[in-house]
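Single-structure report; data block below.
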Amino acid sequence: MHQNSFFAEVNKMFARAAKYTSHSPGLLAQIKSCNSIYHMSFPLVRDNGSIDVINAYRAEHSQHMQPTKGGIRYAPSVNADEVMALAALMSYKCAIVDVPYGGAKGGICINRQNYSQAELERITRRYTFELTKKNFIGPGVDVPAPDYGTTSTEMSWIFDTYRSVANNPLDALACVTGKPVGMGGVRGRTEATGRGVFFGIREACSIEEDMDALGLCTGLEGKRVIIQGLGNVGYHAALYLEQAGAKIIGIAEYDGGLYNPEGLRLADVVAHRKETRSTLNFPDAQNFTDSRKILEQECDILVPAALESQIRSDNVSRIRAKIVAEAANGPITSAADQWLIDNGVVVVPDVYLNAGGVTVSYFEWLRNLSHVRHGRMSRRREAHNALQILETVQGLVGKNFDPDTISNIESSLAFGASEADLVDSGLEDTMVGAYHEIHETARTHNTDLRTGAFINAIDKIAQGYLRSGIFP
Ligand code: NAD
């Protein structure tokens with residue numbers, strides 16, 4: 001494998017953390033290796049009758065827990081090395097947030113802009129058929145989800161194809177997550193990764209001694225943020241950061257970037273892009289035709305949310321952010337990561353920060369297997385209990401609350417927690433808990449957050465293998 005490969009980069013980060021653990025070399029070698037990779041080629045008959053040969057992949061990195069889980073991306077950069085690296089990151093990510101899966105990743109090597117909707121459907125269905133044939137998909141085997149270049153629409157085609165060819169009608173819904181809500185999806189999955197990114201950044205900014213070291217105050221209010229990639233993850237992260245009082249001062253997209261140190265209103269930028277089909281020429285903002293230059297502007301928090309290797313040796317010394325929050329997978333190369341650490345920049349690592357997607361996918365998978373919406377059986381009961389507590393409190397304090405207060409409390413209690421509330425609370429709890437775990441490990445070993453996250457992941461996966469009894 002080429003030294004600059006993405007998988008080699010992930011393995012360098014693994015090696016950096018493995019030094020702090022006491023596992024045997026054999027167990028460490030098993031944890032980091034990619035167990036299986038399936039490369040397929042198939043013909044696509046284009047709408048005009050010509051034929052394209054499509055190359056696609058699925059990598060299953062680790063089966064220490066089953067099923068394996070990971071997104072599917074549609075991008076021209078997709079290759080075997082990339083899916084192996086992303087599958088490895090999935091194994092570590094799931095372990096960090098205690099989601100009981102091994103890691104996997106899939107990809108189809110296409111630029112989706114070059115294909116019609118009907119062609120994309122044919123490609124997706126054929127890909128799913130090939131995965132089914134080779135037992136690379138299934139509720140207990142390997143469960144894909146959306147990633148770069150895919151949405152809930154592709155997930156619904158995957159489900160429909162799997163359902164029609166696999167002999168598993170009862171649990172077929174659980175063969176893929178990120179489906180539309182009307183088709184077994186869970187409320188909150190679309191925004192989950194960006195929402196998780198927000199929770200992670202919020203936690204990072206809540207620790208006083210870390211903020212003091214950066215010369216920042218705690219909290220998100222007024223923090224200056226630059227976002228690269230306004231897709232699913234970047235848009236939702238920006239939305240929640242803005243709602244919490246942060247100021248979006250720069251946005252980098254593939255066709256150019258915008259910068260205004262006074263702040264850009266996200267809704268206006270989105271409307272502008274929709275209307276003009278371009279990011280550029282937004283009123284009151286400086287245009288950048290080379291959008292990577294936006295990453296080099298001064299800010300408090302830089303959020304790369306597009307693709308890998310965006311911050312590397314050739315531009316890292318010009319990065320002027322105090323915190324880099326890796327919403328995308330692998331946006332910083334290992335050499336650039338070391339430079340940032342050496343220069344006091346806090347890097348919140350991808351392997352933790354974008355785990356919100358797989359966390360909520362886990363809730364969707366559980367819902368599909370249990371065949372019941374989250375909260376369906378407990379909602380009325382919870383509301384009933386809450387009203388009883390309210391009545392008891394009134395009795396204890398010896399006076400009734402005023403009618404408006406009662407009616408406000410009753411109406412918010414009357415329906416208990418909805419599925420969306422439960423998903424959001426499960427996501428917040430997961431992201432908050434995992435942040436403090438990796439922060440604690442990093443502090444104990446006097447190291448950076450990424451190394452802390454990898455140490456936790458390695459320890460948890462090692463426990464999984466040791467419990468299985470395969471390793472002495
Ligand atoms: P997406 O396709 O919805 O959005 C990606 C955005 O990046 C698009 O708006 C695209 O135009 C933009 N972009 C492409 N090239 C760019 C460039 N050179 N400069 C600036 N912008 C560019 O994809 P997504 O689902 O938001 O995924 C983004 C990243 O997050 C990927 O690394 C993906 O692996 C990771 N991720 C996604 C999820 C998820 O649930 N979707 C989960 C975990 C990690």
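Every chain in the structure tokens takes a letter, A first, then B, and so on in the order presented; its residues are numbered from 1, and the ligands are numbered from 1 following the presented order.
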
Produce as a ChimeraX atom specification the set of residues near ligand 1, where near means within 6 Å with only C-alpha atoms and all ligand atoms considered.
/A:146-149,193,228-234,252-254,305-307,327-329,354,357

Would you write out those residues with C-alpha atoms, as an mmCIF file, in the first residue's frame?
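Result went into part.cif, see below:
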data_model
loop_
_atom_site.group_PDB
_atom_site.id
_atom_site.type_symbol
_atom_site.label_atom_id
_atom_site.label_comp_id
_atom_site.auth_asym_id
_atom_site.auth_seq_id
_atom_site.Cartn_x
_atom_site.Cartn_y
_atom_site.Cartn_z
ATOM 1 C CA PRO A 146 -25.979 7.590 3.457
ATOM 2 C CA ASP A 147 -22.623 9.298 3.068
ATOM 3 C CA TYR A 148 -21.067 11.831 0.689
ATOM 4 C CA GLY A 149 -23.173 12.028 -2.485
ATOM 5 C CA THR A 193 -24.488 13.904 11.811
ATOM 6 C CA GLN A 228 -16.200 23.881 4.261
ATOM 7 C CA GLY A 229 -18.995 22.014 2.422
ATOM 8 C CA LEU A 230 -22.625 23.030 2.800
ATOM 9 C CA GLY A 231 -24.054 19.572 2.193
ATOM 10 C CA ASN A 232 -25.931 17.417 4.664
ATOM 11 C CA VAL A 233 -23.334 17.487 7.447
ATOM 12 C CA GLY A 234 -21.974 21.009 6.916
ATOM 13 C CA ALA A 252 -16.357 27.172 1.211
ATOM 14 C CA GLU A 253 -18.094 25.145 -1.490
ATOM 15 C CA TYR A 254 -16.717 23.290 -4.522
ATOM 16 C CA ALA A 305 -17.353 19.113 6.249
ATOM 17 C CA ALA A 306 -16.656 18.069 2.651
ATOM 18 C CA LEU A 307 -13.954 15.566 1.771
ATOM 19 C CA ALA A 327 -17.033 17.014 10.523
ATOM 20 C CA ALA A 328 -15.846 15.242 7.348
ATOM 21 C CA ASN A 329 -13.939 11.978 7.418
ATOM 22 C CA ASN A 354 -19.206 12.818 13.038
ATOM 23 C CA GLY A 357 -25.000 9.690 11.989
#

I want to know what sits within 8 Å of Thr289 of chain A, based on only C-alpha atoms, with residues of the same chain fewer than 6 positions away left out; could you give that as a ChimeraX atom specification?
/A:255-257,280

Selected residues, all heavy atoms, written as a CSV table (one decimal), in the first residue's frame, please.
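Saved as again36.csv:
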chain,number,residue,atom,x,y,z
A,255,ASP,N,-17.6,25.2,-5.8
A,255,ASP,CA,-17.5,26.2,-6.8
A,255,ASP,C,-17.0,27.6,-6.4
A,255,ASP,O,-17.1,28.6,-7.1
A,255,ASP,CB,-18.9,26.4,-7.5
A,255,ASP,CG,-20.0,26.8,-6.5
A,255,ASP,OD1,-19.7,26.7,-5.3
A,255,ASP,OD2,-21.0,27.3,-6.9
A,256,GLY,N,-16.6,27.7,-5.1
A,256,GLY,CA,-16.1,29.0,-4.6
A,256,GLY,C,-16.5,29.2,-3.2
A,256,GLY,O,-17.2,28.4,-2.6
A,257,GLY,N,-16.1,30.3,-2.6
A,257,GLY,CA,-16.4,30.6,-1.2
A,257,GLY,C,-16.8,32.0,-0.9
A,257,GLY,O,-16.6,32.9,-1.7
A,280,LEU,N,-21.1,31.8,-5.3
A,280,LEU,CA,-20.4,33.1,-5.5
A,280,LEU,C,-21.4,34.2,-5.6
A,280,LEU,O,-22.6,34.0,-5.9
A,280,LEU,CB,-19.5,33.0,-6.7
A,280,LEU,CG,-18.3,32.1,-6.5
A,280,LEU,CD1,-17.6,31.9,-7.8
A,280,LEU,CD2,-17.3,32.7,-5.4

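Near Ala285 of chain A, within 8 Å and counting only C-alpha atoms, sit Leu258, Tyr259, Asn260, Leu264, Asn281 and Phe282 of chain A; same-chain residues fewer than 3 positions away were not included.
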
Pull C-alpha atoms from the residues just selected and write them as a tab-separated table (two decimals), in the first residue's frame.
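Saved result, result_32.tsv, follows:
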chain	number	residue	atom	x	y	z
A	258	LEU	CA	-17.79	33.47	0.72
A	259	TYR	CA	-16.27	35.40	3.59
A	260	ASN	CA	-17.59	38.17	5.79
A	264	LEU	CA	-23.23	35.48	6.96
A	281	ASN	CA	-21.62	36.72	-5.67
A	282	PHE	CA	-23.56	36.73	-2.41

Could you go through segment 3-82 of chain A and tell me which residues DSSP, when run on the backbone, assigns to alpha helix (DSSP H), listing them as a ChimeraX atom specification?
/A:6-18,25-32,80-82

Selection near segment 181-186 of chain A, 9 Å with only C-alpha atoms, sequence-local residues under 2 positions removed, as a short mmCIF file (atom, residue, chain, number, x, y, z; two decimals) with N, CA, C and O atoms, in the first residue's frame:
data_model
loop_
_atom_site.label_atom_id
_atom_site.label_comp_id
_atom_site.auth_asym_id
_atom_site.auth_seq_id
_atom_site.Cartn_x
_atom_site.Cartn_y
_atom_site.Cartn_z
N SER A 152 -31.43 9.85 1.43
CA SER A 152 -32.45 8.85 1.79
C SER A 152 -33.07 8.20 0.56
O SER A 152 -33.54 7.06 0.63
N SER A 156 -33.71 4.20 0.06
CA SER A 156 -35.00 3.54 -0.18
C SER A 156 -34.89 2.57 -1.37
O SER A 156 -35.50 1.50 -1.37
N LEU A 173 -36.40 -4.33 6.51
CA LEU A 173 -36.26 -2.88 6.71
C LEU A 173 -34.93 -2.52 7.37
O LEU A 173 -34.39 -1.44 7.16
N ALA A 174 -34.41 -3.44 8.19
CA ALA A 174 -33.18 -3.16 8.94
C ALA A 174 -31.92 -3.43 8.11
O ALA A 174 -30.82 -3.42 8.65
N THR A 177 -29.97 1.92 6.77
CA THR A 177 -30.54 3.02 7.56
C THR A 177 -30.41 4.33 6.78
O THR A 177 -29.78 4.37 5.73
N GLY A 178 -31.04 5.36 7.35
CA GLY A 178 -31.08 6.64 6.62
C GLY A 178 -32.19 6.64 5.59
O GLY A 178 -32.16 7.42 4.63
N LYS A 179 -33.19 5.76 5.80
CA LYS A 179 -34.32 5.68 4.87
C LYS A 179 -35.28 6.85 5.14
O LYS A 179 -35.27 7.43 6.23
N GLY A 188 -35.11 12.49 12.56
CA GLY A 188 -33.86 13.05 13.08
C GLY A 188 -32.61 12.45 12.44
O GLY A 188 -31.51 12.91 12.70
N ARG A 189 -32.76 11.43 11.56
CA ARG A 189 -31.56 10.82 10.95
C ARG A 189 -30.89 11.78 9.97
O ARG A 189 -29.66 11.87 9.93
N THR A 190 -31.70 12.51 9.18
CA THR A 190 -31.11 13.38 8.15
C THR A 190 -30.17 14.40 8.78
O THR A 190 -29.05 14.61 8.31
N VAL A 360 -27.60 7.63 15.36
CA VAL A 360 -29.04 7.66 15.07
C VAL A 360 -29.42 6.53 14.10
O VAL A 360 -30.52 5.99 14.17
N SER A 361 -28.49 6.12 13.26
CA SER A 361 -28.73 4.92 12.43
C SER A 361 -28.98 3.71 13.32
O SER A 361 -29.81 2.85 13.01
N PHE A 363 -30.36 3.79 16.24
CA PHE A 363 -31.74 3.90 16.75
C PHE A 363 -32.74 3.45 15.67
O PHE A 363 -33.75 2.83 15.96
N GLU A 364 -32.43 3.79 14.42
CA GLU A 364 -33.32 3.38 13.31
C GLU A 364 -33.32 1.86 13.17
O GLU A 364 -34.38 1.24 13.00
N TRP A 365 -32.16 1.28 13.21
CA TRP A 365 -32.02 -0.18 13.07
C TRP A 365 -32.79 -0.90 14.20
O TRP A 365 -33.51 -1.86 13.96
N ARG A 367 -35.33 0.30 15.83
CA ARG A 367 -36.76 0.48 15.55
C ARG A 367 -37.23 -0.53 14.50
O ARG A 367 -38.30 -1.12 14.63
N ASN A 368 -36.42 -0.72 13.46
CA ASN A 368 -36.81 -1.64 12.38
C ASN A 368 -36.89 -3.08 12.88
O ASN A 368 -37.76 -3.84 12.48
N ARG A 373 -42.39 2.02 16.82
CA ARG A 373 -41.83 3.36 16.88
C ARG A 373 -41.32 3.66 18.30
O ARG A 373 -41.97 3.28 19.28
N HIS A 374 -40.14 4.35 18.41
CA HIS A 374 -39.62 4.68 19.73
C HIS A 374 -40.65 5.50 20.51
O HIS A 374 -41.21 6.45 19.98
N GLU A 419 -40.91 10.53 19.25
CA GLU A 419 -39.74 9.82 18.71
C GLU A 419 -38.60 10.80 18.44
O GLU A 419 -37.43 10.53 18.78
N ALA A 420 -38.94 11.98 17.87
CA ALA A 420 -37.89 12.96 17.56
C ALA A 420 -37.17 13.40 18.84
O ALA A 420 -35.94 13.53 18.87
N VAL A 423 -34.90 10.50 20.07
CA VAL A 423 -33.71 10.36 19.23
C VAL A 423 -32.72 11.47 19.56
O VAL A 423 -31.52 11.22 19.74
#

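Interatomic distance, atom CA of Thr333 of chain A to atom CA of Arg318 of chain A: 14.8 Å.
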
Surrounding residues of Pro43 of chain A excluding itself and chain neighbours under 2 positions, 8 Å, only C-alpha atoms, as a short mmCIF file (atom, residue, chain, number, x, y, z; two decimals) with N, CA and C atoms, in the first residue's frame:
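Result file follows (out_8.cif):
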data_model
loop_
_atom_site.label_atom_id
_atom_site.label_comp_id
_atom_site.auth_asym_id
_atom_site.auth_seq_id
_atom_site.Cartn_x
_atom_site.Cartn_y
_atom_site.Cartn_z
N SER A 41 -17.46 -4.72 -10.80
CA SER A 41 -17.66 -3.88 -11.99
C SER A 41 -18.91 -4.39 -12.67
N VAL A 45 -26.43 0.60 -18.77
CA VAL A 45 -26.94 1.08 -20.06
C VAL A 45 -27.48 2.48 -19.83
N ILE A 51 -22.97 2.40 -23.18
CA ILE A 51 -22.71 1.60 -21.97
C ILE A 51 -21.53 2.19 -21.20
N ASP A 52 -21.69 2.34 -19.88
CA ASP A 52 -20.59 2.70 -18.98
C ASP A 52 -20.29 1.49 -18.10
N VAL A 53 -19.01 1.29 -17.80
CA VAL A 53 -18.68 0.26 -16.81
C VAL A 53 -18.51 0.95 -15.47
N ILE A 54 -19.29 0.53 -14.49
CA ILE A 54 -19.29 1.16 -13.16
C ILE A 54 -18.43 0.33 -12.21
#

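You will find atom CA of Ile37 of chain A at 20.5 Å from atom CA of Thr150 of chain A.
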
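For the atom pair formed by atom CA of Gly138 of chain A and atom CA of Leu27 of chain A, the distance is 27.4 Å, given to one decimal.
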
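Considering the residues A:Val143, A:Leu241, A:Leu44, A:Met155 and counting only C-alpha atoms, Arg122 of chain A has its shortest atom-to-atom contact with A:Leu44.
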
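Among the candidates A:Ala237, A:Phe42, A:Gly398, A:Val10, the one nearest to Phe129 of chain A when counting only C-alpha atoms is A:Phe42.
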
Find the spatial neighbours of Ala118 of chain A, counting only C-alpha atoms, within a cut-off of 10 Å - ignore same-chain residues fewer than 4 positions away - and output them as an mmCIF file with all heavy atoms, in the first residue's frame.
data_model
loop_
_atom_site.group_PDB
_atom_site.id
_atom_site.type_symbol
_atom_site.label_atom_id
_atom_site.label_comp_id
_atom_site.auth_asym_id
_atom_site.auth_seq_id
_atom_site.Cartn_x
_atom_site.Cartn_y
_atom_site.Cartn_z
ATOM 1 N N ARG A 46 -26.794 3.473 -20.436
ATOM 2 C CA ARG A 46 -27.178 4.868 -20.230
ATOM 3 C C ARG A 46 -28.509 5.158 -20.902
ATOM 4 O O ARG A 46 -28.982 4.413 -21.756
ATOM 5 C CB ARG A 46 -26.110 5.833 -20.810
ATOM 6 C CG ARG A 46 -24.700 5.657 -20.321
ATOM 7 C CD ARG A 46 -24.488 6.168 -18.916
ATOM 8 N NE ARG A 46 -24.972 7.524 -18.651
ATOM 9 C CZ ARG A 46 -24.210 8.598 -18.486
ATOM 10 N NH1 ARG A 46 -22.893 8.478 -18.584
ATOM 11 N NH2 ARG A 46 -24.728 9.779 -18.204
ATOM 12 N N ASP A 47 -29.112 6.286 -20.564
ATOM 13 C CA ASP A 47 -30.401 6.654 -21.160
ATOM 14 C C ASP A 47 -30.291 6.764 -22.682
ATOM 15 O O ASP A 47 -31.254 6.523 -23.403
ATOM 16 C CB ASP A 47 -30.877 7.995 -20.587
ATOM 17 C CG ASP A 47 -31.230 7.888 -19.108
ATOM 18 O OD1 ASP A 47 -31.397 6.739 -18.622
ATOM 19 O OD2 ASP A 47 -31.335 8.930 -18.437
ATOM 20 N N ARG A 122 -30.780 2.839 -11.419
ATOM 21 C CA ARG A 122 -30.309 1.545 -11.965
ATOM 22 C C ARG A 122 -28.962 1.151 -11.336
ATOM 23 O O ARG A 122 -28.735 -0.003 -10.983
ATOM 24 C CB ARG A 122 -30.180 1.629 -13.487
ATOM 25 C CG ARG A 122 -31.519 1.704 -14.209
ATOM 26 C CD ARG A 122 -31.413 1.217 -15.659
ATOM 27 N NE ARG A 122 -30.665 2.102 -16.532
ATOM 28 C CZ ARG A 122 -31.144 3.228 -17.060
ATOM 29 N NH1 ARG A 122 -32.379 3.628 -16.786
ATOM 30 N NH2 ARG A 122 -30.403 3.976 -17.873
ATOM 31 N N ILE A 123 -28.078 2.147 -11.183
ATOM 32 C CA ILE A 123 -26.757 1.864 -10.576
ATOM 33 C C ILE A 123 -26.944 1.367 -9.139
ATOM 34 O O ILE A 123 -26.341 0.359 -8.723
ATOM 35 C CB ILE A 123 -25.882 3.151 -10.570
ATOM 36 C CG1 ILE A 123 -25.517 3.566 -11.988
ATOM 37 C CG2 ILE A 123 -24.618 2.934 -9.725
ATOM 38 C CD1 ILE A 123 -24.875 4.953 -12.080
ATOM 39 N N THR A 124 -27.786 2.071 -8.369
ATOM 40 C CA THR A 124 -27.969 1.727 -6.953
ATOM 41 C C THR A 124 -28.574 0.338 -6.800
ATOM 42 O O THR A 124 -28.153 -0.464 -5.950
ATOM 43 C CB THR A 124 -28.875 2.775 -6.268
ATOM 44 O OG1 THR A 124 -28.353 4.065 -6.535
ATOM 45 C CG2 THR A 124 -28.952 2.555 -4.769
#

Please report, as number ranges by chain, each residue of segment 291-436 of chain A to which DSSP assigns strand (DSSP E or B) when run on this structure's backbone.
A: 299-304, 311, 321-325, 332, 346-348

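Shortest separation to Pro304 of chain A among A:Pro180, A:Pro349, A:Gly469, A:Gly452 occurs at residue A:Pro349, atoms counted being only C-alpha atoms.
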
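Using only C-alpha atoms, the smallest distance between any of A:Gly106, A:Pro169, A:Gly71, A:Pro100 and Ala59 of chain A comes from A:Gly106.
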